[in-house]
Structures are given as C-alpha cells and as structure tokens.
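Asks: Sharing a structure here in structure tokens format.
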Amino acid sequence: MTAVSTPPTSSSVTPRQVWLRARGVLLAVLLLVVTGTALAATRSGDQHGRLDPRSADRYGSKAIAELLKDHGISVRVVTTLQDAVSATGADTTLLVTAPNLLTPHQQTTLRAATTATSGRTVLLGASSASLGTLAPGVRAEPSASVVTRPPGCSMAEARRAGAVETGGIRYASSGLDAIACYPAAGLPSVLLLRQPTAGDTVLLGSPDLLYNERLAHQGNASLALQLLGSRPHLVWYLPSLADPSAAGAPGDGTTNGDTADGESSFIELIPSGWLWGTLQLALAAVLAAIWRARRLGPLVTERLPVAIRASESTEGRARLNRKANARDRAAASLRRATRTRVAPLVGVSPRDAHSPAVLLPALSARLPRGHGVTNDLLFGPAPAADAALVLLADQLDSLEREVRTS
C-alpha cells in the first residue's frame, strides 16, 4: 500500500522558501562578522602595547628600552602612581607616557614627589589638562605635524642628535629657566625646564620618536637615548585607569575621568570604539529596515488551503465590526450595496449610483405614488445604536424588494 502524499498548501513553508527569505539576513550577518574580524585583526597590532617598552609592534617602545639596557641603564615598568612615586630619586629618570590621563590628585602627588628630588621627569604629549600642575608656567599651543626638524637650540643633547622627527603639541613659557628646541612655526616641540633646587623636566610634544617604527629615522635614537639615559635608572610609567589612585583622594572632589576644569561628561568617558560600533549598528539597522520595507513585486492571490463559505466570511466580518462598534462602516457598506443593486433597476448608470441628485429622483419616479424615498435612508448618518442599524438593514431590504416588484 503506497502512502498518499499531501501536496503543500499556501500556508506551509518549504525549506527552499525559508532559505530564500533568510539568505539576505544571513549574508548580511556573515559580512558583518567577517568585516569586524578583519578590522580587529588589522588594528589589533596597531593598538596593542602603545609606548610599552615590552611591546615589539610598530607603536611599541621595546627597541629604545633594549638600547638603554645595552648602555647600562636599568628600565623598570610601573603602572600605578604609588610605584612611580616610590621609585623617584636623584639617580632616576621618570618617563610619564600619558600625563593627561592622570587625575588632578595624581598630578599633584606626582609633582610633589618629583620636585623633592634632583632626578629628571619626561612628559610625553602633555597638554593644558596636565601642564598646570606638572609644569607650572608652561602653556600648550595647537599641535603641529610630526616632521624632521633641526634642533634650533643650544641644548647639548639636541645638538649631538641633530635633526629629529618631532612635532605634536608646542609649548610656550615665560619667566622660566628653559631651553626651547626643535621649533615648529616659532614655538618649540621639545622643552627642557631647569630648576635650581630640583631636577629638570623635559616636555616632548609628540612621542613618535620613541616608537619602534621611527626609532631608526634621523637622530631619533640619539635624542631618545640622551634624554632617557641621563640617569642610571629609568622608570617607565604607563598610567592606567585601573590604578586605585585614579579614584581621587578623599575630600578632593575628583574622580576618575575628572579634568582640571570639571567633571567629564558620560559621552567623553565612553571609548571611541564603542561610539563607532554603535553608529555602525544603527546604520545596519536602518539599511535592514529599508531592505525589508521595499516592495518585492506585485501582490498575488493565493488559493486558500480550505474552502470558506461566503456566509462564514460575512458573519466573521460582521462580528469584527460589532466588536469594534463600527456601526458607521457597517451602515455605509449596507447603503452602498443597496445603491449598487437598485441603480440599474431604475435606469441609473453605475457611475451615478452613489449620487443623491441622480438616484433619488429616479427611485421616486419608479415607486408608486405616496412612497417617498428620503435622503437619510440611502445617504444618511450612521446609526447611533445597534437597534437602529438593524432597522436600517430592514428598511433597505424593503426598499430593494419594492423596486424589484414595481
């Protein structure tokens, strides 16, 4: 006995239909995943270990750290303010890779520790957010591009190094014992501040000369070795937001992310990568909405899986109208149907069947004398209650019967 296979109806979905409907979404998701993975793989090496003396990638600083070690300079990496402060001394150079990341409390603590010794402090890319505390009397000016520049000063280290790739933030000082080197548009991008009773401070407008990929260019290596190797010990401070001291001292009113001018906004605290990711997701959602909203072609009629009697369809629509209290729509439908059926019987064209000025006189002429057809019956307002709607239906039926029998 062979089994009888039931043919698929219009309501059943075949695997092919599922694939055709979902392939666009799956392709978009696959493309998004591949693109994200490629971008992450491409940029992971660029962002990992920036200015880290343990990193050998293009933006790391392992090359200069190894050169310093070859010259007998000890290099110690610290990531907390406590370790950086405890390591300061007369025979130590403290390199701060991100001074602008420090909170006001951290800057004050660091400044107090460095001015108490005769060591050297090197600040990379310090701007107005940190100069007021770490280098009083110095103001930051707009940045300049990083290009090869001559020393243009009398500092011995700079004259021995010669031309160096410098730029970035430029500095202006007044009333300070300072040596300004490597000028860009009239302002120095390297500034040496000397203090009689304390150590000196070196401001580098850009950290580019310390990157592995740039160290071998021009006199970058020579200047870096001389600035960072003037003392036998080098403390390489990599500020981190995970540092407990970044929460601020009790009572100072500062928290992680504060600046000298006030608290940073919530948007400023969000990493730029998350903002770009959110923008990309929003754009993808808009494109998906446009794609799903477009018309795929003309509407087609489908055969119903089962036969439905006309009476059931009429009753179903009637129940929906009753549930929604749509007496106005029900009355309009009844009147329109009656006008459409009686118009041909009294010689009115379908185009004028819904015109009171044409249909009513024709009906009055067809019906016996004394039977007047009012405007309210065929073109009146909606019934106010269900009983009035039933009465209207009966009156329309009576009118149609009279027209047919007259």
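Ordering of the structure tokens sets the chain letters (A, B, ...); residue numbers start at 1 within each chain; ligands are numbered from 1 in the order shown.
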Write down as a PyMOL selection string the residues belonging to range 89-319 of chain A that are assigned alpha helix (DSSP H) by DSSP computed on the backbone.
Replies: chain A and resi 104-115+128-134+156-161+220-228+266-269+272-293+310-319
Asks: Could you give me, as a ChimeraX atom specification, the residues within 9 Å of Leu187 in chain A, counting only C-alpha atoms and dropping anything in the same chain fewer than 4 positions from it?
Replies: /A:141,170-172,180-183
Asks: For CA of Ala65 in chain A and CA of Tyr211 in chain A, quote the distance in Å rounded to one decimal.
Replies: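 Answer for the CA of Ala65 in chain A to CA of Tyr211 in chain A separation: 10.6 Å.
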Asks: Go through range 80-290 of chain A and collect every residue that DSSP, computed from the backbone, puts in strand (DSSP E or B); the answer should be as a PyMOL selection string.
Replies: chain A and resi 92-96+120-124+138-149+164-173+178-184+187-193+201-204+233-237+259+262
Asks: Do you know which residues are at most 12 Å from Leu67 in chain A counting only C-alpha atoms, after dropping those on the same chain fewer than 3 positions away, and could you put them as JSON, numbers by chain?
Replies: {"A": [53, 61, 62, 63, 64, 70, 71, 72, 73, 74, 75, 210, 212, 215, 216, 221, 222, 224, 225, 226, 228, 229]}
Asks: If we count only C-alpha atoms and set the cut-off at 10 Å, which residues sit around range 348-364 of chain A, ignoring sequence neighbours fewer than 6 positions away in its own chain? Please answer as a list in words.
Replies: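 Residues meeting the cut-off are Arg335, Arg336, Thr338, Arg339, Thr340, Arg341, Val342, Gly370, His371, Gly372, Val373, Thr374, Asn375, Leu378, Phe379, Leu399 and Val403 of chain A.
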Asks: Each residue of range 75-106 of chain A lying at most 12 Å from range 192-206 of chain A should get a row with its shortest atom-to-atom pair and the distance in Å to one decimal, counting only C-alpha atoms; could you produce that, ordered by chain and increasing number, as a tab-separated table?
Replies:
```
residue	atom	partner	partner_atom	distance
A:Thr88	CA	A:Gly199	CA	10.7
A:Gly89	CA	A:Gly199	CA	9.4
A:Ala90	CA	A:Gly199	CA	7.6
A:Asp91	CA	A:Gly199	CA	10.1
A:Thr92	CA	A:Gly199	CA	9.9
A:Thr93	CA	A:Gly199	CA	9.5
A:Leu94	CA	A:Thr201	CA	9.5
A:Leu95	CA	A:Val202	CA	9.3
A:Val96	CA	A:Leu203	CA	10.1
A:Thr97	CA	A:Leu204	CA	10.1
A:Ala98	CA	A:Ser206	CA	10.9
A:Pro99	CA	A:Leu203	CA	10.6
```
Asks: I need the residues from that last selection saved to file as a PDB file, in the first residue's frame (with C-alpha atoms), if you can.
Replies:
```pdb
ATOM      1  CA  THR A  88      61.750  58.565  42.072  1.00  0.00           C
ATOM      2  CA  GLY A  89      65.208  59.679  43.124  1.00  0.00           C
ATOM      3  CA  ALA A  90      68.256  61.710  42.179  1.00  0.00           C
ATOM      4  CA  ASP A  91      69.605  58.887  40.016  1.00  0.00           C
ATOM      5  CA  THR A  92      66.292  58.172  38.284  1.00  0.00           C
ATOM      6  CA  THR A  93      64.538  59.401  35.158  1.00  0.00           C
ATOM      7  CA  LEU A  94      60.751  59.170  35.371  1.00  0.00           C
ATOM      8  CA  LEU A  95      59.041  58.863  31.978  1.00  0.00           C
ATOM      9  CA  VAL A  96      55.281  59.546  32.051  1.00  0.00           C
ATOM     10  CA  THR A  97      53.755  58.283  28.795  1.00  0.00           C
ATOM     11  CA  ALA A  98      50.237  59.714  29.303  1.00  0.00           C
ATOM     12  CA  PRO A  99      50.269  62.644  31.739  1.00  0.00           C
TER      13      PRO A  99
END
```
